[in-house]
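Colleague: Sharing protein.txt, compact mmCIF, C-alpha atoms:
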```
# COMPACT_ATOMS: atom_id res chain seq x y z
CA MET A 1413 -39.93 4.59 -26.96
CA ASN A 1414 -40.99 1.27 -28.49
CA ARG A 1415 -38.56 -1.58 -29.06
CA PRO A 1416 -38.03 -1.14 -32.85
CA SER A 1417 -37.24 2.55 -32.39
CA LEU A 1418 -34.88 1.79 -29.53
CA THR A 1419 -33.12 -0.88 -31.56
CA LEU A 1420 -32.80 1.49 -34.53
CA SER A 1421 -31.40 4.29 -32.36
CA ARG A 1422 -28.86 1.94 -30.79
CA GLY A 1423 -27.83 0.72 -34.22
CA ILE A 1424 -27.35 4.26 -35.51
CA ALA A 1425 -25.38 5.20 -32.41
CA ARG A 1426 -23.16 2.15 -32.84
CA VAL A 1427 -22.45 2.85 -36.51
CA THR A 1428 -21.78 6.56 -36.03
CA GLY A 1429 -20.16 6.47 -32.60
CA ALA A 1430 -17.11 4.29 -33.31
CA ALA A 1431 -15.07 2.74 -36.11
CA LEU A 1432 -15.93 -0.93 -35.69
CA GLY A 1433 -13.54 -3.81 -36.25
CA PRO A 1434 -10.27 -1.99 -35.48
CA TYR A 1435 -8.29 -5.25 -35.36
CA GLN A 1436 -9.86 -6.65 -38.50
CA SER A 1437 -9.16 -3.44 -40.43
CA ALA A 1438 -5.58 -3.43 -39.14
CA VAL A 1439 -5.10 -7.01 -40.34
CA ILE A 1440 -6.30 -6.26 -43.86
CA ARG A 1441 -4.16 -3.11 -43.92
CA ILE A 1442 -1.06 -5.05 -42.95
CA GLY A 1443 -1.94 -8.01 -45.17
CA PHE A 1444 -2.63 -6.17 -48.42
CA ALA A 1445 0.19 -3.66 -47.95
CA GLY A 1446 2.61 -6.48 -47.14
CA THR A 1447 1.45 -8.56 -50.12
CA TRP A 1448 1.91 -5.71 -52.56
CA LEU A 1449 5.26 -4.71 -51.04
CA LEU A 1450 6.64 -8.25 -51.28
CA PHE A 1451 5.44 -8.48 -54.88
CA LEU A 1452 7.10 -5.19 -55.84
CA LEU A 1453 10.36 -6.21 -54.20
CA ARG A 1454 10.37 -9.66 -55.79
CA GLU A 1455 9.69 -8.23 -59.24
CA PHE A 1456 12.11 -5.32 -58.87
CA PRO A 1457 14.64 -6.80 -61.34
CA HIS A 1458 11.82 -7.33 -63.87
CA ARG A 1459 9.89 -4.11 -63.24
CA GLN A 1460 10.78 -2.58 -66.62
CA GLU A 1461 9.41 -5.58 -68.52
CA LEU A 1462 6.25 -5.87 -66.41
CA TYR A 1463 5.12 -2.27 -66.12
CA GLY A 1464 7.80 -0.05 -67.65
CA PRO A 1465 8.90 1.18 -71.06
CA SER A 1466 10.65 -2.13 -71.84
CA GLY A 1467 7.48 -4.20 -71.58
CA PRO A 1468 5.73 -5.86 -74.54
CA TRP A 1469 2.56 -3.90 -73.73
CA GLY A 1470 3.80 -0.60 -75.09
CA PHE A 1471 2.99 2.96 -74.09
CA ASN A 1472 0.72 3.62 -77.08
CA LEU A 1473 -1.20 0.37 -76.57
CA ALA A 1474 -1.77 1.25 -72.92
CA ARG A 1475 -3.01 4.73 -73.86
CA GLN A 1476 -5.46 3.27 -76.35
CA LEU A 1477 -6.83 0.83 -73.78
CA THR A 1478 -7.22 3.39 -71.00
CA ALA A 1479 -8.91 5.76 -73.43
CA ASP A 1480 -11.61 3.12 -73.86
CA ASN A 1481 -12.01 1.86 -70.28
CA HIS A 1482 -11.15 5.18 -68.52
CA ALA A 1483 -8.80 3.42 -66.11
CA PHE A 1484 -6.49 5.60 -64.01
CA THR A 1485 -2.72 5.19 -64.17
CA ALA A 1486 -0.12 7.83 -63.44
CA LEU A 1487 2.44 5.90 -65.49
CA LEU A 1488 0.83 7.17 -68.69
CA TRP A 1489 1.54 10.77 -67.76
CA SER A 1490 4.99 10.30 -69.27
CA ASP A 1491 6.82 7.56 -71.16
CA GLY A 1492 10.20 8.42 -69.64
CA ARG A 1493 12.21 5.89 -67.66
CA LEU A 1494 12.82 8.36 -64.82
CA TRP A 1495 9.09 8.91 -64.31
CA PHE A 1496 8.50 5.17 -64.19
CA GLU A 1497 11.24 4.69 -61.60
CA CYS A 1498 9.77 7.48 -59.45
CA CYS A 1499 6.29 5.94 -59.59
CA TYR A 1500 7.63 2.49 -58.75
CA ALA A 1501 9.61 3.87 -55.81
CA LEU A 1502 6.53 5.74 -54.60
CA ALA A 1503 4.51 2.51 -54.72
CA VAL A 1504 7.16 0.73 -52.63
CA LEU A 1505 7.37 3.54 -50.06
CA ALA A 1506 3.58 3.89 -49.80
CA SER A 1507 3.24 0.14 -49.23
CA ALA A 1508 5.88 0.21 -46.49
CA ALA A 1509 4.26 3.22 -44.82
CA LEU A 1510 0.82 1.60 -44.87
CA LEU A 1511 2.26 -1.66 -43.57
CA LEU A 1512 3.80 0.13 -40.59
CA GLY A 1513 0.81 2.42 -40.11
CA TRP A 1514 2.78 5.64 -40.61
CA ARG A 1515 0.48 8.54 -41.58
CA THR A 1516 -2.09 5.89 -42.40
CA ARG A 1517 -4.70 8.09 -44.07
CA THR A 1518 -2.19 9.62 -46.47
CA ALA A 1519 -0.40 6.30 -46.99
CA SER A 1520 -3.65 4.57 -47.91
CA VAL A 1521 -4.33 7.13 -50.66
CA LEU A 1522 -0.79 6.83 -52.03
CA PHE A 1523 -1.05 3.04 -51.80
CA MET A 1524 -4.19 3.14 -53.95
CA VAL A 1525 -2.49 5.40 -56.49
CA GLY A 1526 0.48 3.03 -56.69
CA VAL A 1527 -1.65 -0.09 -57.10
CA LEU A 1528 -3.91 1.43 -59.76
CA SER A 1529 -1.05 3.02 -61.65
CA LEU A 1530 0.97 -0.17 -62.00
CA GLN A 1531 -1.86 -2.62 -62.54
CA ASN A 1532 -3.72 -0.45 -65.06
CA ARG A 1533 -0.50 0.18 -66.98
CA SER A 1534 -0.25 -3.53 -67.91
CA VAL A 1535 -3.66 -5.08 -67.36
CA PHE A 1536 -2.66 -8.48 -68.75
CA VAL A 1537 -0.07 -9.03 -66.02
CA GLY A 1538 -1.45 -10.62 -62.87
CA ASP A 1539 -4.00 -13.10 -61.59
CA GLY A 1540 -7.09 -13.20 -59.40
CA GLY A 1541 -5.11 -12.01 -56.40
CA ASP A 1542 -4.25 -8.80 -58.23
CA ASN A 1543 -7.94 -8.18 -58.88
CA VAL A 1544 -8.68 -8.56 -55.17
CA LEU A 1545 -5.81 -6.24 -54.28
CA HIS A 1546 -7.03 -3.73 -56.87
CA LEU A 1547 -10.44 -3.48 -55.21
CA MET A 1548 -9.20 -3.57 -51.64
CA ALA A 1549 -6.73 -0.76 -52.30
CA ILE A 1550 -9.72 1.47 -53.08
CA TYR A 1551 -11.75 0.30 -50.09
CA LEU A 1552 -8.87 0.86 -47.66
CA VAL A 1553 -8.95 4.60 -48.42
CA PHE A 1554 -12.33 4.81 -46.65
CA THR A 1555 -11.28 2.85 -43.53
CA ARG A 1556 -9.68 3.99 -40.31
CA CYS A 1557 -7.27 1.09 -40.49
CA GLY A 1558 -4.56 2.53 -38.25
CA GLN A 1559 -6.42 2.47 -34.93
CA VAL A 1560 -4.28 -0.40 -33.61
CA TRP A 1561 -0.99 -2.07 -34.53
CA SER A 1562 0.39 1.06 -36.18
CA LEU A 1563 2.92 3.80 -35.61
CA ASP A 1564 0.04 6.27 -35.67
CA ALA A 1565 -1.67 4.50 -32.76
CA ARG A 1566 1.60 4.47 -30.81
CA ARG A 1567 2.14 8.18 -31.43
CA ALA A 1568 -1.44 8.99 -30.43
CA ALA A 1569 -1.13 6.95 -27.24
CA ASP A 1570 2.15 8.69 -26.36
CA ALA A 1571 0.52 12.08 -26.91
CA ALA A 1572 -2.44 11.10 -24.71
CA ALA A 1573 -0.09 9.90 -21.98
CA ALA A 1574 1.82 13.18 -22.14
CA ARG A 1575 -1.38 15.20 -21.81
CA ALA A 1576 -2.53 13.06 -18.91
CA GLY A 1577 0.78 13.76 -17.18
CA GLY A 1578 0.39 17.51 -17.66
CA GLU A 1579 3.00 17.68 -20.39
CA ARG A 1580 2.57 19.35 -23.73
CA SER A 1581 2.88 17.06 -26.72
CA PRO A 1582 5.04 18.36 -29.59
CA ALA A 1583 3.25 19.93 -32.53
CA ASP A 1584 2.76 17.84 -35.63
CA ARG A 1585 4.93 19.37 -38.33
CA VAL A 1586 5.28 16.40 -40.68
CA GLY A 1587 1.54 16.15 -41.37
CA PRO A 1588 0.99 19.71 -42.65
CA VAL A 1589 4.17 19.60 -44.76
CA LEU A 1590 3.14 16.29 -46.30
CA TRP A 1591 -0.36 17.65 -46.92
CA ALA A 1592 1.01 20.78 -48.65
CA VAL A 1593 3.40 18.80 -50.86
CA LEU A 1594 0.70 16.38 -51.95
CA GLY A 1595 -1.72 19.25 -52.57
CA LEU A 1596 0.85 20.94 -54.80
CA ALA A 1597 1.41 17.71 -56.75
CA LEU A 1598 -2.33 17.10 -57.10
CA GLY A 1599 -2.95 20.68 -58.20
CA THR A 1600 -0.20 20.49 -60.80
CA ALA A 1601 -1.60 17.24 -62.21
CA THR A 1602 -5.08 18.77 -62.38
CA VAL A 1603 -4.03 22.04 -64.03
CA THR A 1604 -1.91 20.27 -66.63
CA GLY A 1605 -4.80 18.00 -67.60
CA ARG A 1606 -3.30 14.69 -66.48
CA PHE A 1607 -6.67 13.34 -65.31
CA ASP A 1608 -8.02 12.94 -68.82
CA ASN A 1609 -9.56 9.45 -68.45
CA GLY A 1610 -12.35 10.24 -66.01
CA TRP A 1611 -13.27 12.30 -63.00
CA LEU A 1612 -13.78 9.59 -60.35
CA ILE A 1613 -10.20 9.15 -59.11
CA GLN A 1614 -9.57 12.88 -59.38
CA ALA A 1615 -12.63 13.63 -57.24
CA LEU A 1616 -11.63 10.97 -54.72
CA LEU A 1617 -8.09 12.35 -54.39
CA TRP A 1618 -9.27 15.94 -53.96
CA THR A 1619 -11.91 14.87 -51.43
CA ALA A 1620 -9.35 12.93 -49.41
CA TRP A 1621 -6.92 15.86 -49.51
CA ALA A 1622 -9.58 18.35 -48.39
CA GLY A 1623 -10.78 15.97 -45.66
CA LEU A 1624 -7.28 15.61 -44.26
CA GLY A 1625 -6.92 19.37 -44.14
CA LEU A 1626 -10.24 19.84 -42.35
CA TRP A 1627 -9.37 17.07 -39.91
CA TRP A 1628 -6.14 18.80 -38.93
CA VAL A 1629 -7.64 22.30 -38.72
CA THR A 1630 -10.61 21.27 -36.56
CA GLY A 1631 -8.29 19.56 -34.10
CA ARG A 1632 -6.22 22.66 -33.42
CA ARG A 1633 -8.70 24.67 -31.35
CA GLU A 1634 -11.27 23.91 -28.70
CA ALA A 1635 -13.82 26.12 -30.46
CA TRP A 1636 -13.83 23.69 -33.40
CA ARG A 1637 -15.01 20.75 -31.31
CA GLN A 1638 -18.45 20.50 -32.92
CA PRO A 1639 -17.16 20.42 -36.53
CA ARG A 1640 -14.56 17.89 -35.44
CA MET A 1641 -17.26 15.68 -33.95
CA LEU A 1642 -19.17 15.86 -37.25
CA LEU A 1643 -16.06 14.84 -39.17
CA ASP A 1644 -15.52 12.01 -36.72
CA VAL A 1645 -19.05 10.73 -37.32
CA ILE A 1646 -18.57 10.90 -41.11
CA ALA A 1647 -15.27 9.02 -40.81
CA ASN A 1648 -16.90 6.32 -38.67
CA VAL A 1649 -19.77 5.86 -41.13
CA LEU A 1650 -17.37 5.62 -44.08
CA HIS A 1651 -15.17 3.16 -42.21
CA ASN A 1652 -18.03 0.90 -41.16
CA GLY A 1653 -19.57 1.02 -44.63
CA ALA A 1654 -16.25 0.15 -46.26
CA LEU A 1655 -15.77 -2.75 -43.84
CA VAL A 1656 -19.20 -4.12 -44.80
CA VAL A 1657 -18.31 -3.76 -48.49
CA ILE A 1658 -15.04 -5.66 -47.94
CA MET A 1659 -16.95 -8.47 -46.22
CA ALA A 1660 -19.54 -8.55 -48.98
CA GLU A 1661 -16.78 -8.61 -51.60
CA ALA A 1662 -15.14 -11.63 -49.97
CA CYS A 1663 -18.48 -13.44 -49.80
CA LEU A 1664 -19.21 -12.60 -53.44
CA ILE A 1665 -15.83 -13.94 -54.54
CA TYR A 1666 -16.40 -17.29 -52.86
CA ALA A 1667 -20.05 -17.57 -53.85
CA THR A 1668 -19.42 -16.90 -57.54
CA ALA A 1669 -16.34 -19.13 -57.59
CA GLY A 1670 -18.23 -21.97 -55.96
CA TRP A 1671 -21.31 -21.76 -58.18
CA TYR A 1672 -19.21 -21.52 -61.34
CA LYS A 1673 -17.28 -24.60 -60.27
CA ILE A 1674 -20.51 -26.53 -59.83
CA GLN A 1675 -21.28 -25.96 -63.52
CA GLY A 1676 -17.94 -27.40 -64.67
CA SER A 1677 -17.81 -31.05 -65.70
CA ARG A 1678 -14.31 -31.53 -64.25
CA TRP A 1679 -15.49 -30.31 -60.86
CA GLN A 1680 -18.55 -32.50 -61.07
CA ASP A 1681 -16.49 -35.66 -61.64
CA GLY A 1682 -13.87 -34.63 -59.05
CA THR A 1683 -10.86 -34.39 -61.40
CA ALA A 1684 -10.49 -30.60 -61.68
CA VAL A 1685 -7.64 -30.34 -59.16
CA TYR A 1686 -5.60 -33.01 -60.95
CA TYR A 1687 -4.91 -31.04 -64.13
CA PRO A 1688 -3.27 -27.83 -62.78
CA LEU A 1689 -0.94 -30.01 -60.69
CA HIS A 1690 0.56 -31.31 -63.93
CA LEU A 1691 1.05 -28.00 -65.71
CA ASP A 1692 4.68 -26.85 -65.74
CA TYR A 1693 3.66 -23.28 -64.94
CA PHE A 1694 1.92 -24.40 -61.73
CA SER A 1695 4.42 -27.05 -60.62
CA PRO A 1696 7.29 -25.52 -58.62
CA TRP A 1697 7.56 -28.84 -56.74
CA PRO A 1698 6.79 -31.62 -59.26
CA GLY A 1699 7.48 -34.35 -56.72
CA LEU A 1700 4.97 -32.89 -54.28
CA ALA A 1701 2.37 -32.47 -57.04
CA ASP A 1702 2.87 -36.09 -58.13
CA LEU A 1703 2.50 -37.27 -54.55
CA MET A 1704 -0.78 -35.41 -54.09
CA SER A 1705 -2.24 -36.47 -57.43
CA SER A 1706 -1.27 -40.14 -57.01
CA SER A 1707 -4.50 -40.78 -55.09
CA GLY A 1708 -7.76 -40.31 -56.98
CA THR A 1709 -9.65 -40.32 -53.69
CA ILE A 1710 -7.66 -37.36 -52.38
CA MET A 1711 -8.22 -35.44 -55.60
CA MET A 1712 -11.97 -36.05 -55.42
CA ILE A 1713 -12.16 -35.03 -51.74
CA VAL A 1714 -10.20 -31.84 -52.40
CA ALA A 1715 -12.35 -30.93 -55.43
CA TYR A 1716 -15.70 -31.58 -53.74
CA GLY A 1717 -14.54 -30.04 -50.47
CA THR A 1718 -13.42 -26.86 -52.21
CA VAL A 1719 -16.78 -26.41 -53.90
CA MET A 1720 -18.77 -27.11 -50.74
CA VAL A 1721 -16.71 -24.73 -48.59
CA GLN A 1722 -16.92 -21.89 -51.11
CA VAL A 1723 -20.64 -22.24 -51.68
CA ALA A 1724 -21.47 -22.66 -47.98
CA PHE A 1725 -19.28 -19.93 -46.53
CA PRO A 1726 -21.58 -16.90 -47.10
CA PHE A 1727 -24.42 -18.79 -45.41
CA THR A 1728 -22.39 -19.54 -42.27
CA LEU A 1729 -21.63 -15.96 -41.23
CA PHE A 1730 -24.43 -15.99 -38.66
CA ASN A 1731 -23.08 -19.14 -36.99
CA ARG A 1732 -19.79 -18.20 -35.39
CA ARG A 1733 -18.46 -21.71 -34.79
CA VAL A 1734 -19.18 -23.03 -38.27
CA LYS A 1735 -17.84 -19.83 -39.82
CA ASN A 1736 -14.56 -20.14 -37.91
CA VAL A 1737 -14.16 -23.76 -39.00
CA LEU A 1738 -14.65 -22.83 -42.65
CA LEU A 1739 -12.23 -19.91 -42.26
CA VAL A 1740 -9.53 -22.31 -41.09
CA LEU A 1741 -10.27 -24.63 -44.01
CA MET A 1742 -10.13 -21.82 -46.59
CA MET A 1743 -6.94 -20.32 -45.20
CA THR A 1744 -5.34 -23.76 -45.14
CA GLU A 1745 -6.42 -24.31 -48.73
CA HIS A 1746 -4.83 -21.04 -49.85
CA ALA A 1747 -1.63 -21.86 -47.96
CA VAL A 1748 -1.48 -25.18 -49.82
CA ILE A 1749 -2.09 -23.39 -53.13
CA ALA A 1750 0.79 -21.03 -52.35
CA VAL A 1751 3.21 -23.93 -51.88
CA VAL A 1752 1.98 -26.56 -54.31
CA LEU A 1753 0.91 -24.35 -57.24
CA GLY A 1754 3.48 -21.60 -56.68
CA LEU A 1755 0.97 -18.76 -56.26
CA PRO A 1756 2.12 -17.06 -53.04
CA PHE A 1757 0.76 -13.59 -53.71
CA PHE A 1758 -2.64 -14.82 -54.83
CA SER A 1759 -2.84 -16.89 -51.65
CA LEU A 1760 -1.69 -14.01 -49.44
CA ALA A 1761 -4.32 -11.72 -50.95
CA MET A 1762 -7.10 -14.26 -50.38
CA ILE A 1763 -5.96 -15.10 -46.84
CA THR A 1764 -5.96 -11.38 -46.05
CA ALA A 1765 -9.49 -11.02 -47.44
CA ASP A 1766 -10.55 -13.97 -45.26
CA ALA A 1767 -8.96 -12.35 -42.21
CA VAL A 1768 -11.68 -9.69 -42.07
CA PHE A 1769 -13.94 -12.40 -40.57
CA LEU A 1770 -11.50 -13.47 -37.83
CA PRO A 1771 -12.82 -13.09 -34.25
CA THR A 1772 -11.64 -10.05 -32.32
CA SER A 1773 -10.65 -12.19 -29.32
CA PHE A 1774 -8.32 -14.26 -31.49
CA LEU A 1775 -6.72 -11.15 -33.01
CA ARG A 1776 -6.18 -9.62 -29.58
CA ARG A 1777 -4.48 -12.78 -28.36
CA LEU A 1778 -2.37 -12.77 -31.51
CA GLY A 1779 -1.37 -9.17 -30.86
CA ASP A 1780 -0.48 -9.98 -27.23
CA LEU A 1781 1.68 -12.89 -28.37
CA ALA A 1782 3.47 -10.64 -30.86
CA ALA A 1783 4.02 -8.00 -28.16
CA ARG A 1784 5.49 -10.56 -25.76
CA ALA A 1785 7.72 -11.97 -28.50
CA ARG A 1786 8.93 -8.46 -29.31
CA GLY A 1787 9.59 -7.86 -25.62
CA ARG A 1788 11.66 -11.03 -25.28
CA PHE A 1789 13.61 -10.15 -28.42
CA ALA A 1790 14.29 -6.64 -27.08
CA ARG A 1791 15.43 -7.97 -23.70
CA HIS A 1792 17.85 -10.32 -25.39
CA GLY A 1793 19.16 -7.33 -27.30
CA GLY A 1794 19.90 -5.53 -24.05
CA ARG A 1795 17.17 -2.92 -24.33
CA THR A 1796 14.29 -2.23 -22.02
CA VAL A 1797 10.77 -2.47 -23.34
CA PRO A 1798 7.81 -0.40 -22.13
CA ALA A 1799 4.74 -2.23 -20.94
CA PRO A 1800 2.28 -2.98 -23.76
CA ARG A 1801 -0.55 -0.52 -24.04
CA SER A 1802 -4.10 -1.59 -23.50
CA SER A 1803 -6.38 -2.06 -26.45
CA GLU A 1804 -8.42 0.97 -25.43
CA GLU A 1805 -5.34 3.22 -25.50
CA SER A 1806 -4.12 1.81 -28.79
CA ALA A 1807 -7.53 2.25 -30.41
CA THR A 1808 -7.65 5.97 -29.66
CA ASP A 1809 -7.72 8.03 -32.82
CA HIS A 1810 -6.34 11.50 -32.05
CA VAL A 1811 -5.76 14.78 -33.80
CA GLY A 1812 -3.64 15.14 -36.90
CA PHE A 1813 -2.74 13.01 -39.88
CA THR A 1814 -2.81 9.80 -37.91
CA ALA A 1815 -4.69 6.53 -37.91
```
Just give me the structure as structure tokens.
Modeller:
Amino acid sequence: MNRPSLTLSRGIARVTGAALGPYQSAVIRIGFAGTWLLFLLREFPHRQELYGPSGPWGFNLARQLTADNHAFTALLWSDGRLWFECCYALAVLASAALLLGWRTRTASVLFMVGVLSLQNRSVFVGDGGDNVLHLMAIYLVFTRCGQVWSLDARRAADAAAARAGGERSPADRVGPVLWAVLGLALGTATVTGRFDNGWLIQALLWTAWAGLGLWWVTGRREAWRQPRMLLDVIANVLHNGALVVIMAEACLIYATAGWYKIQGSRWQDGTAVYYPLHLDYFSPWPGLADLMSSSGTIMMIVAYGTVMVQVAFPFTLFNRRVKNVLLVLMMTEHAVIAVVLGLPFFSLAMITADAVFLPTSFLRRLGDLAARARGRFARHGGRTVPAPRSSEESATDHVGFTA
């Protein structure tokens, strides 16, 4: 076999044989689920005005808009207050489940439904961070983002340890019940004609539901090993493809933002950062904003530096050291934006999108530090802590409605 063919075969084997970037996908799962959960909890007292029946963007206006753009939102299935409260509670619970990695595949689908339903109900509420979250919620459905740092990974590792010790792991009863309940809800929505704004989300939900069922069935018997292997290959390809799309999306965001800034006269003369610091809406700490804007040199350095970092970042992905330096700069910039301009959720969304490029070695060390901190906390609480599992054990993706 010649070298190009050998390289191609190795590449195909790598893409189909494993779900790459387990730590990176876990970080974006935790980051986006945590960002959306914190937002929902912060806006809980104002939920009716933002997305509910008490909002200025009324039910009829929302129906007219979605009839034109074919956007999906379950909140338009009924204009009742009880239905809105149920949808909002479902969005909160789905975010918490995805954050913890509980029934990750199902939680990711419900998380997407919650994000799309709320954001498409009132499209004029939000900022650029909401747009990023909107897209990433869809991409996460295709990833195997619960391989590590999740309750699913812990349960799978416990089951593997039990089998290795000759014990029989308990049957999964929660997964099939959850699958049946969601299938009944999806079937009811389909029969009653709720999906009247397009077929894409409906097809995606039914495909995910059928895939979960096949995944569980093929893992029950040894005779179904070959179909299960095929499903595993399909899941790996979808995961790796979605991870590439997420990376490309982050690069596209920075590239377009940087090149648009270059065309602006305020960015060209280095004064663009000065003006938002003196808007009341973006000044939670006026004293801090005044301190930063008191130096024209600092304002010029920040403006030019922002443009250069955003434009250069997509071209540095093949140089690990330069890429890591720019990652630190961009994450620091978003952290400053969160504090100075009062945009915490926008910054969290962008930092999470940046995290997909973090090195695996750094994420492993971060996970080890978190495990040791949890162990020390548990010892102080008078409880014993089991030894941390290895990365290979945690990354195992076993049978059932797990990672």
Colleague: In Å, rounded to a single decimal, give me how far atom CA of A:Pro1726 is from atom CA of A:Ile1658.
Modeller: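 It comes out at 13.0 Å.
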Colleague: Could you work out how far atom CA of A:Trp1561 lies from atom CA of A:Arg1786, giving the answer in Å with one decimal?
Modeller: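 Interatomic distance, atom CA of A:Arg1786 to atom CA of A:Trp1561: 12.9 Å.
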Colleague: By how many Å are atom CA of A:Leu1552 and atom CA of A:Ser1490 apart?
Modeller: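 That distance, rounded to one decimal, is 27.4 Å.
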Colleague: With the cut-off set at 12 Å and counting all atoms listed in the file, tabulate each residue of stretch 1416-1520 of chain A with an atom at most that distance from an atom of stretch 1659-1669 of chain A, showing the nearest atom pair and its distance in Å to one decimal, ordered by chain and increasing number, as a Markdown table.
Modeller:
```
| residue | atom | partner | partner_atom | distance |
| --- | --- | --- | --- | --- |
| A:Gly1433 | CA | A:Met1659 | CA | 11.5 |
| A:Gln1436 | CA | A:Met1659 | CA | 10.6 |
| A:Ser1437 | CA | A:Met1659 | CA | 10.9 |
| A:Ile1440 | CA | A:Met1659 | CA | 11.1 |
```
Colleague: Only C-alpha atoms, please: the residues just picked out, written as a JSON list (two decimals), keeping the file's coordinate frame.
Modeller:
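The result, written out as again28.json:
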```
[["chain", "number", "residue", "atom", "x", "y", "z"],
["A", 1433, "GLY", "CA", -13.54, -3.81, -36.25],
["A", 1436, "GLN", "CA", -9.86, -6.65, -38.50],
["A", 1437, "SER", "CA", -9.16, -3.44, -40.43],
["A", 1440, "ILE", "CA", -6.30, -6.26, -43.86]]
```
Colleague: Contacts of A:Ala1519 at 7 Å or less, counting all atoms listed in the file, minus same-chain residues fewer than 4 places along, as a VMD selection string?
Modeller: chain A and resid 1506 1509 to 1510 1515 1523
Colleague: Write a file of the selected residues as a short mmCIF file (atom, residue, chain, number, x, y, z; two decimals), keeping the file's coordinate frame, keeping C-alpha atoms.
Modeller:
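So the final result, stored in out-v3.cif, reads:
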```cif
data_model
loop_
_atom_site.label_atom_id
_atom_site.label_comp_id
_atom_site.auth_asym_id
_atom_site.auth_seq_id
_atom_site.Cartn_x
_atom_site.Cartn_y
_atom_site.Cartn_z
CA ALA A 1506 3.58 3.89 -49.80
CA ALA A 1509 4.26 3.22 -44.82
CA LEU A 1510 0.82 1.60 -44.87
CA ARG A 1515 0.48 8.54 -41.58
CA PHE A 1523 -1.05 3.04 -51.80
#
```
Colleague: Need the shell around stretch 1526-1539 of chain A: protein/DNA/RNA residues with any atom at most 6 Å away, counting only C-alpha atoms. Skip same-chain ones fewer than 3 positions apart. Format as number ranges by chain?
Modeller: A: 1463, 1485-1487, 1503, 1523, 1542
Colleague: With C-alpha atoms retained, write the just-selected residues as a short mmCIF file (atom, residue, chain, number, x, y, z; two decimals), in the coordinates of the input.
Modeller:
```cif
data_model
loop_
_atom_site.label_atom_id
_atom_site.label_comp_id
_atom_site.auth_asym_id
_atom_site.auth_seq_id
_atom_site.Cartn_x
_atom_site.Cartn_y
_atom_site.Cartn_z
CA TYR A 1463 5.12 -2.27 -66.12
CA THR A 1485 -2.72 5.19 -64.17
CA ALA A 1486 -0.12 7.83 -63.44
CA LEU A 1487 2.44 5.90 -65.49
CA ALA A 1503 4.51 2.51 -54.72
CA PHE A 1523 -1.05 3.04 -51.80
CA ASP A 1542 -4.25 -8.80 -58.23
#
```
Colleague: Could you check which of A:Asp1644, A:Glu1634, A:Glu1461, A:Asp1564 is closest to A:Leu1511, using only C-alpha atoms?
Modeller: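 Checking each candidate against A:Leu1511, we get A:Asp1564 as the closest.
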Colleague: Around the point (6.7, -3.0, -46.6) (coordinates from the file), which residues reach within 7 Å if we count only C-alpha atoms? Answer as a PyMOL selection string.
Modeller: chain A and resi 1445-1446+1449+1507-1509+1511
Colleague: Residues within 7 Å of A:Leu1563, please, as a list in words. Count all atoms listed in the file; anything in the same chain fewer than 6 positions from it doesn't count.
Modeller: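 Contacts, with the query itself left out: Leu1512, Gly1513 and Trp1514 of chain A.
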Colleague: Nearest to A:Ser1773 among A:Pro1688, A:Thr1744, A:Leu1617, A:Pro1434, with distances taken over only C-alpha atoms: which residue is it?
Modeller: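 Answer, going by the shortest atom-to-atom distance: A:Pro1434.
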Colleague: With a distance cut-off of 10 Å and all atoms listed in the file, select the neighbouring residues of A:Gly1464, excluding the residue or stretch itself and same-chain residues fewer than 5 positions from it, and output the selection as a ChimeraX atom specification.
Modeller: /A:1458-1459,1469-1471,1487,1491-1493,1495-1497,1500,1530,1533-1534
Colleague: Counting all atoms listed in the file, figure out which residue out of A:Leu1590, A:Val1504, A:Gly1676, A:Leu1598 gets nearest to A:Leu1453.
Modeller: A:Val1504
Colleague: Step by step: start from the point (-18.8, 0.4, -36.9) in the file's coordinates, keep every protein, DNA or RNA residue that has an atom no farther than 10 Å from it, count only C-alpha atoms, and write the set as JSON, numbers by chain.
Modeller: {"A": [1423, 1424, 1425, 1426, 1427, 1428, 1429, 1430, 1431, 1432, 1433, 1434, 1648, 1649, 1650, 1651, 1652, 1653, 1654, 1655, 1656]}
Colleague: Ranking A:Leu1502, A:Ala1684, A:Ile1646, A:Ala1565 by minimum distance to A:Leu1452 and counting only C-alpha atoms, which one comes first?
Modeller: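 Of all the options, A:Leu1502 lies closest to A:Leu1452.
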Colleague: Between A:Phe1694, A:Gln1680, A:Val1719, A:Phe1484, which one has atoms that come closest to A:Trp1611, using only C-alpha atoms?
Modeller: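 Among A:Phe1694, A:Gln1680, A:Val1719, A:Phe1484, it is A:Phe1484 that comes nearest to A:Trp1611.
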Colleague: Which residues, written as an mmCIF file with C-alpha atoms, in the frame of the given file, have at least one atom at most 8 Å from stretch 1748-1758 of chain A, with all atoms listed in the file counted and residues fewer than 6 positions away on the same chain left out?
Modeller:
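Final output, around_6.cif:
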```cif
data_model
loop_
_atom_site.group_PDB
_atom_site.id
_atom_site.type_symbol
_atom_site.label_atom_id
_atom_site.label_comp_id
_atom_site.auth_asym_id
_atom_site.auth_seq_id
_atom_site.Cartn_x
_atom_site.Cartn_y
_atom_site.Cartn_z
ATOM 1 C CA THR A 1447 1.450 -8.560 -50.120
ATOM 2 C CA PHE A 1451 5.440 -8.480 -54.880
ATOM 3 C CA ASP A 1539 -4.000 -13.100 -61.590
ATOM 4 C CA GLY A 1540 -7.090 -13.200 -59.400
ATOM 5 C CA GLY A 1541 -5.110 -12.010 -56.400
ATOM 6 C CA ASP A 1542 -4.250 -8.800 -58.230
ATOM 7 C CA PRO A 1688 -3.270 -27.830 -62.780
ATOM 8 C CA LEU A 1689 -0.940 -30.010 -60.690
ATOM 9 C CA PHE A 1694 1.920 -24.400 -61.730
ATOM 10 C CA SER A 1695 4.420 -27.050 -60.620
ATOM 11 C CA PRO A 1696 7.290 -25.520 -58.620
ATOM 12 C CA TRP A 1697 7.560 -28.840 -56.740
ATOM 13 C CA LEU A 1700 4.970 -32.890 -54.280
ATOM 14 C CA ALA A 1701 2.370 -32.470 -57.040
#
```
